[in-house]
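File shown: structure_15.cif (mmCIF, C-alpha atoms).
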data_run
#
loop_
_atom_site.label_atom_id
_atom_site.label_comp_id
_atom_site.auth_asym_id
_atom_site.auth_seq_id
_atom_site.Cartn_x
_atom_site.Cartn_y
_atom_site.Cartn_z
CA MET A 1 63.88 -59.98 8.93
CA LYS A 2 60.93 -60.01 6.55
CA ARG A 3 59.21 -57.30 8.57
CA ILE A 4 62.30 -55.08 8.48
CA LEU A 5 62.63 -55.56 4.74
CA LEU A 6 58.93 -54.74 4.25
CA LEU A 7 59.25 -51.63 6.41
CA LEU A 8 62.30 -50.48 4.45
CA MET A 9 60.50 -51.02 1.14
CA MET A 10 57.54 -48.98 2.36
CA LEU A 11 59.80 -46.12 3.44
CA ILE A 12 61.98 -46.11 0.34
CA ALA A 13 59.35 -46.84 -2.31
CA PRO A 14 57.57 -43.84 -3.80
CA SER A 15 54.08 -43.20 -2.56
CA ALA A 16 51.28 -44.94 -4.38
CA MET A 17 50.41 -43.42 -7.73
CA ALA A 18 46.69 -43.32 -7.01
CA CYS A 19 44.73 -40.28 -8.02
CA GLU A 20 41.12 -39.31 -8.42
CA CYS A 21 40.27 -38.24 -11.93
CA ALA A 22 37.19 -36.48 -13.17
CA GLU A 23 34.44 -38.85 -14.14
CA GLU A 24 34.32 -39.88 -17.77
CA LEU A 25 31.70 -38.60 -20.16
CA THR A 26 28.57 -40.76 -20.25
CA SER A 27 25.70 -40.94 -22.73
CA GLU A 28 23.48 -39.08 -20.28
CA MET A 29 26.05 -36.32 -19.69
CA ALA A 30 26.41 -35.87 -23.46
CA ARG A 31 22.64 -35.63 -23.96
CA GLN A 32 22.24 -33.09 -21.16
CA ALA A 33 25.11 -30.78 -22.14
CA PRO A 34 23.72 -27.39 -23.20
CA HIS A 35 26.85 -26.63 -25.26
CA VAL A 36 27.91 -29.26 -27.78
CA PHE A 37 30.36 -28.25 -30.49
CA VAL A 38 33.03 -29.60 -32.79
CA PHE A 39 36.44 -27.97 -32.66
CA ARG A 40 39.92 -28.33 -34.12
CA VAL A 41 43.03 -27.85 -32.03
CA ILE A 42 45.14 -25.21 -33.79
CA SER A 43 48.16 -24.95 -31.48
CA LEU A 44 49.40 -26.18 -28.10
CA GLU A 45 52.07 -24.95 -25.69
CA VAL A 46 52.99 -25.34 -22.04
CA GLY A 47 51.41 -22.62 -19.94
CA GLU A 48 50.02 -21.76 -16.53
CA VAL A 49 46.44 -21.65 -15.37
CA ASN A 50 45.83 -20.44 -11.83
CA GLY A 51 49.49 -21.08 -10.96
CA GLU A 52 49.58 -24.69 -12.23
CA ARG A 53 51.29 -26.02 -15.37
CA TYR A 54 48.97 -27.17 -18.13
CA ALA A 55 48.99 -27.65 -21.87
CA VAL A 56 47.22 -24.58 -23.24
CA GLY A 57 45.89 -24.48 -26.77
CA LYS A 58 44.06 -22.40 -29.30
CA ILE A 59 41.01 -23.94 -30.93
CA ARG A 60 38.74 -23.15 -33.85
CA VAL A 61 35.06 -24.03 -33.56
CA ILE A 62 33.99 -25.93 -36.68
CA ALA A 63 30.32 -26.42 -35.79
CA ASN A 64 27.98 -25.49 -32.96
CA VAL A 65 25.72 -28.51 -32.58
CA ARG A 66 23.80 -27.33 -29.51
CA GLY A 67 24.01 -23.84 -28.05
CA LYS A 68 26.62 -21.39 -29.25
CA THR A 69 30.05 -21.47 -27.66
CA THR A 70 32.52 -18.64 -27.32
CA ALA A 71 35.36 -21.09 -26.52
CA ARG A 72 38.63 -20.32 -28.28
CA GLU A 73 41.12 -21.86 -25.82
CA ILE A 74 41.54 -25.15 -24.00
CA TYR A 75 43.79 -26.27 -21.19
CA TYR A 76 44.41 -29.71 -19.73
CA ARG A 77 46.65 -31.73 -17.44
CA THR A 78 49.29 -33.76 -19.22
CA GLY A 79 50.72 -35.93 -16.42
CA TRP A 80 50.27 -39.67 -16.17
CA CYS A 81 47.80 -39.20 -13.33
CA CYS A 82 44.51 -38.04 -14.89
CA GLY A 83 46.38 -36.60 -17.86
CA VAL A 84 44.97 -35.95 -21.29
CA SER A 85 46.67 -35.90 -24.68
CA MET A 86 45.39 -33.87 -27.63
CA ASP A 87 46.98 -33.11 -30.99
CA PRO A 88 47.00 -30.00 -33.19
CA GLY A 89 45.17 -30.52 -36.46
CA LEU A 90 42.71 -33.07 -35.07
CA ASP A 91 39.00 -32.54 -34.44
CA TYR A 92 37.23 -33.11 -31.14
CA ILE A 93 33.70 -32.77 -29.76
CA GLY A 94 33.18 -30.64 -26.66
CA PHE A 95 30.32 -31.20 -24.20
CA LEU A 96 30.13 -28.28 -21.76
CA SER A 97 27.66 -27.45 -19.01
CA SER A 98 28.44 -23.72 -19.28
CA ASP A 99 30.05 -21.47 -21.86
CA SER A 100 33.34 -19.62 -21.53
CA GLU A 101 36.19 -18.53 -23.77
CA ARG A 102 38.52 -21.08 -22.12
CA PHE A 103 37.65 -24.52 -20.77
CA GLU A 104 39.42 -27.49 -19.25
CA SER A 105 39.52 -30.49 -21.56
CA SER A 106 39.08 -33.77 -19.75
CA THR A 107 37.56 -37.20 -20.25
CA ALA A 108 34.35 -35.68 -18.83
CA SER A 109 34.06 -32.96 -21.49
CA VAL A 110 35.80 -33.97 -24.74
CA LEU A 111 35.70 -36.82 -27.25
CA ARG A 112 38.26 -37.29 -29.99
CA ILE A 113 36.81 -37.90 -33.42
CA TYR A 114 37.95 -41.33 -34.58
CA MET A 115 40.01 -40.49 -37.67
CA GLY A 116 40.68 -36.97 -36.47
CA GLN A 117 38.47 -35.19 -39.02
CA PHE A 118 34.78 -34.31 -38.68
CA ASP A 119 32.80 -35.81 -41.56
CA ARG A 120 29.34 -37.21 -42.37
CA ARG A 121 29.87 -40.40 -40.32
CA GLU A 122 30.59 -38.40 -37.16
CA VAL A 123 27.61 -36.10 -37.84
CA ASP A 124 25.31 -39.12 -37.97
CA GLU A 125 26.84 -40.76 -34.87
CA LEU A 126 26.70 -37.53 -32.86
CA GLU A 127 23.06 -36.97 -33.83
CA ALA A 128 22.18 -40.55 -32.84
CA LEU A 129 23.92 -40.07 -29.48
CA LEU A 130 22.25 -36.74 -28.70
CA ARG A 131 18.78 -38.03 -29.69
CA GLY A 132 19.16 -41.16 -27.56
CA ARG A 133 19.19 -43.62 -30.46
CA LYS A 134 22.72 -44.82 -29.60
CA ALA A 135 24.78 -45.05 -26.44
CA LEU A 136 28.12 -43.26 -26.27
CA ARG A 137 30.15 -46.46 -26.71
CA GLU A 138 28.10 -47.44 -29.77
CA ALA A 139 28.46 -44.06 -31.47
CA PHE A 140 32.09 -43.46 -30.44
CA PRO A 141 33.66 -46.82 -29.50
CA PHE A 142 36.89 -45.34 -28.13
CA GLY A 143 34.89 -42.82 -26.10
CA PRO A 144 36.73 -40.68 -23.56
CA ARG A 145 39.66 -43.15 -23.50
CA ALA A 146 40.88 -41.79 -26.83
CA ILE A 147 42.32 -38.68 -25.13
CA LYS A 148 43.31 -40.27 -21.81
CA ARG A 149 46.94 -40.82 -20.90
CA ASP A 150 47.36 -44.16 -19.20
CA TRP A 151 49.70 -44.81 -16.28
CA PRO A 152 51.95 -46.62 -16.37
CA PRO A 153 52.71 -46.85 -20.08
CA PRO A 154 52.51 -50.38 -21.44
CA PRO A 155 55.80 -52.28 -21.66
CA PRO A 156 57.42 -52.56 -25.08
CA CYS A 157 56.83 -55.78 -26.98
CA SER A 158 59.69 -58.22 -26.99
CA ILE A 159 60.63 -60.34 -29.97
CA ALA A 160 59.76 -63.46 -27.95
CA GLN A 161 56.19 -62.18 -27.38
CA GLN A 162 55.70 -61.49 -31.09
CA GLU A 163 56.53 -65.06 -32.14
#
Please lay out the structure from this file as structure tokens.
Amino acid sequence: MKRILLLLMMLIAPSAMACECAEELTSEMARQAPHVFVFRVISLEVGEVNGERYAVGKIRVIANVRGKTTAREIYYRTGWCCGVSMDPGLDYIGFLSSDSERFESSTASVLRIYMGQFDRREVDELEALLRGRKALREAFPFGPRAIKRDWPPPPPCSIAQQE
């Protein structure tokens, strides 16, 4: 009976929600990126890229830190599996291996600035990271996780847990 029940559960249950995501940005990847720039997300909408649905957004480059980027658009997956979440009005740092007018934002290419606005603190931390004086997690403690959508979402807190 247990075997039949197990077999039924395997047939009825949805397939495993495993997926392979792009690797996350590391200190070494950040230091080696030929294009490092700070940008603000201006607008976002649902769109298509190569026949797949993505969030597509307009960006404004605030500062070219290394190289000079022509990027003016981003796109990214929004699903729970390897999805990213970005917000209009907030600032991010892009680390790209090549330049283009449109790039895919992922945990391997973008960091969210902690309070959402690029200021002197972030300038100092980014410089320390790029010069090798600080590791990524020291300079930007939330690192690539700040834009990552987690699956499954955490359960809501119950009143019993709060007491």
Please, what distance in Å, to one decimal, runs between atom CA of Arg31 of chain A and atom CA of Gly67 of chain A?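 Between these atoms lies a distance of 12.6 Å.
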At a cut-off of 8 Å, using only C-alpha atoms, what residues contact Leu136 of chain A? Leave out same-chain residues fewer than 4 positions from it and give the result as number ranges by chain. A: 26-27, 129, 140-141, 143
Apply the PyMOL selection byres ((chain A and resi 94) around 6) to the file shown and report the selected residues as a PyMOL selection string. chain A and resi 36-37+93+95+109-110
note - atom CA of Asn64 of chain A and atom CA of Arg112 of chain A are separated by 15.9 Å
Which residues are near segment 44-46 of chain A? Cut-off 10 Å, all atoms listed in the file, ignore same chain within fewer than 3 positions. Put them as a list in words. Val41, Arg53, Tyr54, Ala55, Val56, Gly57, Lys58, Ile59, Glu73, Ile74, Tyr75, Tyr76, Thr78, Met86, Asp87 and Pro88 of chain A
Find the distance between atom CA of Cys21 of chain A and atom CA of Ala128 of chain A and write it in Å to one decimal.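 Atom-to-atom, atom CA of Cys21 of chain A to atom CA of Ala128 of chain A, that is 27.7 Å.
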Radius query 6 Å about (36.5, -32.8, -31.3), atoms used: all atoms listed in the file, as JSON, numbers by chain: {"A": [38, 39, 91, 92, 93, 111, 112, 113]}
Output C-alpha atoms of each residue in that selection to a file, as a CSV table (one decimal), keeping the file's coordinate frame.
chain,number,residue,atom,x,y,z
A,38,VAL,CA,33.0,-29.6,-32.8
A,39,PHE,CA,36.4,-28.0,-32.7
A,91,ASP,CA,39.0,-32.5,-34.4
A,92,TYR,CA,37.2,-33.1,-31.1
A,93,ILE,CA,33.7,-32.8,-29.8
A,111,LEU,CA,35.7,-36.8,-27.2
A,112,ARG,CA,38.3,-37.3,-30.0
A,113,ILE,CA,36.8,-37.9,-33.4
Return the single residue from A:Thr107, A:Ser43, A:Val49, A:Ala30 that is closest to Ala139 of chain A, with distances computed using only C-alpha atoms.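 Checking each candidate against Ala139 of chain A, we get A:Ala30 as the closest.
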Tell me which of A:Met115, A:Arg72, A:Glu125, A:Ser85 sits closest to Glu101 of chain A, counting only C-alpha atoms.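 That would be A:Arg72, the residue with the smallest distance to Glu101 of chain A.
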Got a sec to resolve the PyMOL selection byres ((chain A and resi 70) around 7) on this structure and send the residues as a PyMOL selection string? chain A and resi 68-69+71-72+99-101
